[in-house]
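One structure below.
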Amino acid sequence: MRIIPWVLAVLSVVSAAAAISVVYRDRKLYALLKPLTTVLIIGVAVTAAGKLGFFQIAVAVGLVFCLLGDIFLLSDATFLPGLVSFLLAHLCFIAGFVYLNESSAGAMSQAWLLIPLAAYGAGVYVILAPHLGKMKLPVVVYMTAILVMAWQALTVGILLGGWGLLVAAGGVLFVISDSTLAYNRFRRQFMPAEVIILSTYWAAILLIAIGIRVAG
């Protein structure tokens with residue numbers, strides 16, 4: 001991989017670390033660093049792509065929706081638009097991963113992965129359901145999308161290996177990040193939540209951005 005994406009990747013890690021370090025004490029600086037970190041990761045995806053095909057475009061567009069979600073989630077008042085933005089991001093990732101899997105051994109070849117993923121999703125929903133109120137349907141829709149995304153990300157890793165393993169790890173970390181966010185928002189708030197949410201989220205999209213080389 002060329003030097004530019006690695007430089008952007010390092011800068012994104014520095015920006016992420018800075019954002020996490022101020023998340024509890026300087027919300028104005030955090031509001032600047034949060035989207036900046038994601039912009040740098042988008043730069044990684046764009047410059048790391050060996051070629052510009054459907055997979056690369058789908059992932060890049062998905063990352064742009066992540067950026068929009070980051071901005072919306074800076075305020076509790078725009079939580080739902082943020083949720084919709086990340087839902088659209090996952091749909092883009094799913095489209096890209098399915099396309100990539102269909103061009104190799106088939107998107108459905110690892111359907112067994114849906115069993116543990118569905119069990120995990122059901123467990124999370126049972127914990128959250130009594131506290132969701134009117135958000136039950138949006139949360140179910142979103143959970144379904146991110147679990148399908150994780151399934152296809154893991155399939156990329158299993159079928160293609162190499163760079164694809166980064167995509168798989170990114171998919172799993174995204175699930176961990178969003179599960180923590182949901183628990184912290186709807187069930188019970190706890191102090192290190194933001195650190196866990198942000199670190200796993202940025203690690204997830206950075207790995208996916210670097211893993212874009214899988215078809216490059």
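We name chains A, B, ... following the order of the structure tokens; residues begin at 1 in each chain, and ligands are numbered from 1 as shown.
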
- Extract, using only C-alpha atoms, all DNA, RNA and protein residues at most 10 Å from stretch 49-52 of chain A, discarding same-chain residues fewer than 2 positions from it, and format them as a list in words. Met1, Arg2, Pro5, Val44, Ala45, Val46, Thr47, Phe54, Phe55, Gln56, Ile57, Ala60, Ala209, Ile210, Gly211, Ile212, Arg213, Val214, Ala215 and Gly216 of chain A

With stretch 145-154 of chain A as the partner and 8 Å as the cut-off, tabulate the residues of stretch 38-140 of chain A that qualify, each row holding the nearest pair of atoms and their distance in Å to one decimal, using only C-alpha atoms, sorted by chain and rising number, as CSV.
residue,atom,partner,partner_atom,distance
A:Leu87,CA,A:Ala145,CA,6.8
A:His90,CA,A:Ile146,CA,6.1
A:Leu91,CA,A:Ala145,CA,6.9
A:Phe93,CA,A:Met149,CA,6.6
A:Ile94,CA,A:Met149,CA,5.1
A:Phe97,CA,A:Gln152,CA,5.8
A:Val98,CA,A:Gln152,CA,6.4
A:Asn101,CA,A:Gln152,CA,7.7
A:Ala107,CA,A:Gln152,CA,7.0
A:Ala111,CA,A:Trp151,CA,8.0
A:Leu113,CA,A:Trp151,CA,6.3
A:Leu114,CA,A:Trp151,CA,6.5
A:Leu117,CA,A:Leu147,CA,6.3
A:Ala118,CA,A:Leu147,CA,7.4
A:Gly121,CA,A:Leu147,CA,7.4

- Query: From the list A:Tyr183, A:Ser75, A:Ser85, A:Arg27, which residue is nearest A:Val126 when using only C-alpha atoms?
  - Reply: A:Tyr183

- Message: Using DSSP assignments from the backbone, pull out every residue in stretch 5-209 of chain A that falls under alpha helix (DSSP H) and give it to me as a ChimeraX atom specification.
- Response: /A:5-22,27-48,54-72,79-102,114-128,136-160,164-182,193-209

File of the preceding selection, C-alpha atoms, as a compact mmCIF listing (two decimals), in the first residue's frame:
# COMPACT_ATOMS: atom_id res chain seq x y z
CA PRO A 5 -2.96 6.07 3.25
CA TRP A 6 -0.56 4.99 6.01
CA VAL A 7 0.17 8.63 6.87
CA LEU A 8 -3.57 9.37 6.97
CA ALA A 9 -4.12 6.27 9.10
CA VAL A 10 -1.54 7.42 11.65
CA LEU A 11 -3.07 10.92 11.70
CA SER A 12 -6.52 9.40 12.24
CA VAL A 13 -5.23 7.42 15.22
CA VAL A 14 -3.69 10.57 16.71
CA SER A 15 -6.92 12.50 16.12
CA ALA A 16 -8.99 9.68 17.63
CA ALA A 17 -6.76 9.54 20.71
CA ALA A 18 -7.05 13.31 21.13
CA ALA A 19 -10.84 13.19 20.76
CA ILE A 20 -11.17 10.39 23.31
CA SER A 21 -8.91 12.23 25.75
CA VAL A 22 -11.18 15.31 25.76
CA ARG A 27 -17.00 19.07 24.25
CA LYS A 28 -16.20 21.91 21.83
CA LEU A 29 -12.79 20.47 20.96
CA TYR A 30 -14.33 17.01 20.84
CA ALA A 31 -16.95 18.28 18.37
CA LEU A 32 -14.10 19.32 16.05
CA LEU A 33 -11.94 16.22 16.48
CA LYS A 34 -14.75 13.68 16.09
CA PRO A 35 -15.64 14.47 12.45
CA LEU A 36 -11.98 15.21 11.64
CA THR A 37 -11.02 11.68 12.65
CA THR A 38 -13.64 10.16 10.37
CA VAL A 39 -12.66 12.48 7.49
CA LEU A 40 -9.07 11.22 7.81
CA ILE A 41 -10.32 7.63 7.71
CA ILE A 42 -12.34 8.40 4.59
CA GLY A 43 -9.06 9.67 3.14
CA VAL A 44 -7.45 6.33 4.00
CA ALA A 45 -10.17 4.46 2.08
CA VAL A 46 -9.96 6.70 -0.96
CA THR A 47 -6.16 6.60 -1.22
CA ALA A 48 -5.75 2.93 -0.26
CA PHE A 54 -18.28 -1.07 -6.81
CA PHE A 55 -16.87 -2.45 -3.55
CA GLN A 56 -14.58 0.53 -3.00
CA ILE A 57 -17.29 3.05 -3.89
CA ALA A 58 -19.85 1.37 -1.61
CA VAL A 59 -17.44 1.42 1.34
CA ALA A 60 -16.44 5.04 0.69
CA VAL A 61 -20.09 6.15 0.54
CA GLY A 62 -20.76 4.17 3.71
CA LEU A 63 -17.96 6.03 5.47
CA VAL A 64 -19.46 9.35 4.36
CA PHE A 65 -22.74 8.31 6.01
CA CYS A 66 -20.69 7.46 9.13
CA LEU A 67 -19.38 11.03 9.06
CA LEU A 68 -22.91 12.38 8.91
CA GLY A 69 -23.86 10.10 11.79
CA ASP A 70 -20.91 11.38 13.81
CA ILE A 71 -22.11 14.94 13.35
CA PHE A 72 -25.73 14.16 14.22
CA PHE A 79 -30.03 10.96 17.73
CA LEU A 80 -32.61 9.54 15.30
CA PRO A 81 -31.07 11.20 12.20
CA GLY A 82 -27.74 9.86 13.45
CA LEU A 83 -29.21 6.37 13.71
CA VAL A 84 -30.58 6.65 10.17
CA SER A 85 -27.19 7.83 8.88
CA PHE A 86 -25.43 4.83 10.37
CA LEU A 87 -28.19 2.55 9.08
CA LEU A 88 -27.51 3.85 5.56
CA ALA A 89 -23.79 3.34 6.18
CA HIS A 90 -24.37 -0.31 7.06
CA LEU A 91 -26.53 -0.80 3.98
CA CYS A 92 -23.68 0.55 1.85
CA PHE A 93 -21.20 -1.76 3.59
CA ILE A 94 -23.54 -4.71 3.09
CA ALA A 95 -23.87 -3.92 -0.62
CA GLY A 96 -20.10 -3.73 -1.00
CA PHE A 97 -19.39 -6.88 1.00
CA VAL A 98 -22.09 -8.90 -0.77
CA TYR A 99 -20.74 -7.80 -4.14
CA LEU A 100 -17.25 -8.86 -3.10
CA ASN A 101 -18.44 -12.19 -1.70
CA GLU A 102 -20.55 -12.98 -4.76
CA LEU A 114 -26.04 -15.96 11.34
CA ILE A 115 -26.75 -18.33 14.24
CA PRO A 116 -24.32 -16.84 16.79
CA LEU A 117 -24.95 -13.32 15.46
CA ALA A 118 -28.72 -13.71 15.78
CA ALA A 119 -28.32 -15.15 19.29
CA TYR A 120 -26.16 -12.19 20.26
CA GLY A 121 -28.66 -9.73 18.79
CA ALA A 122 -31.55 -11.41 20.60
CA GLY A 123 -29.67 -11.23 23.89
CA VAL A 124 -28.95 -7.53 23.46
CA TYR A 125 -32.58 -6.85 22.54
CA VAL A 126 -33.88 -8.68 25.62
CA ILE A 127 -31.67 -6.47 27.79
CA LEU A 128 -32.69 -3.25 26.06
CA LYS A 136 -38.14 -0.44 19.66
CA LEU A 137 -38.78 -0.67 15.92
CA PRO A 138 -35.88 1.63 14.88
CA VAL A 139 -33.51 -0.30 17.14
CA VAL A 140 -34.65 -3.68 15.76
CA VAL A 141 -34.20 -2.46 12.18
CA TYR A 142 -30.77 -1.07 12.99
CA MET A 143 -29.68 -4.19 14.87
CA THR A 144 -30.72 -6.36 11.94
CA ALA A 145 -28.70 -4.24 9.53
CA ILE A 146 -25.51 -4.19 11.60
CA LEU A 147 -25.66 -7.94 12.26
CA VAL A 148 -26.09 -8.63 8.53
CA MET A 149 -23.17 -6.27 7.91
CA ALA A 150 -21.04 -8.18 10.44
CA TRP A 151 -22.03 -11.50 8.82
CA GLN A 152 -20.91 -10.33 5.39
CA ALA A 153 -17.75 -8.72 6.80
CA LEU A 154 -16.83 -12.01 8.47
CA THR A 155 -17.57 -13.79 5.20
CA VAL A 156 -15.13 -11.49 3.41
CA GLY A 157 -12.46 -12.45 5.93
CA ILE A 158 -13.15 -16.18 5.68
CA LEU A 159 -13.35 -16.30 1.88
CA LEU A 160 -10.59 -13.89 0.95
CA GLY A 164 -10.21 -9.25 4.10
CA LEU A 165 -9.41 -10.21 7.69
CA LEU A 166 -9.22 -6.50 8.49
CA VAL A 167 -12.73 -6.07 7.08
CA ALA A 168 -13.94 -8.95 9.26
CA ALA A 169 -12.36 -7.46 12.39
CA GLY A 170 -13.89 -4.10 11.52
CA GLY A 171 -17.35 -5.61 11.27
CA VAL A 172 -17.05 -7.25 14.70
CA LEU A 173 -15.72 -4.08 16.34
CA PHE A 174 -18.61 -2.08 14.88
CA VAL A 175 -21.06 -4.44 16.59
CA ILE A 176 -19.21 -4.04 19.90
CA SER A 177 -19.23 -0.26 19.56
CA ASP A 178 -22.92 0.02 18.77
CA SER A 179 -23.89 -2.50 21.44
CA THR A 180 -22.06 -0.43 24.03
CA LEU A 181 -23.68 2.76 22.75
CA ALA A 182 -27.14 1.20 22.95
CA ALA A 193 -18.73 4.01 27.82
CA GLU A 194 -17.64 6.83 25.50
CA VAL A 195 -14.07 5.54 25.47
CA ILE A 196 -15.21 2.04 24.50
CA ILE A 197 -17.71 3.31 21.93
CA LEU A 198 -15.29 5.67 20.20
CA SER A 199 -12.20 3.46 20.28
CA THR A 200 -13.99 0.41 18.86
CA TYR A 201 -15.91 2.52 16.32
CA TRP A 202 -12.87 4.27 14.88
CA ALA A 203 -10.87 1.04 14.93
CA ALA A 204 -13.75 -0.60 13.02
CA ILE A 205 -14.00 1.93 10.22
CA LEU A 206 -10.21 2.30 9.98
CA LEU A 207 -9.80 -1.45 9.53
CA ILE A 208 -12.55 -1.46 6.91
CA ALA A 209 -10.92 1.51 5.18

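Distance-wise, atom CA of A:Gly133 and atom CA of A:Tyr24 end up 27.6 Å apart.
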
- Task: Can you work out the spacing between atom CA of A:Arg185 and atom CA of A:Pro130 in Å, to one decimal?
- Result: 12.9 Å
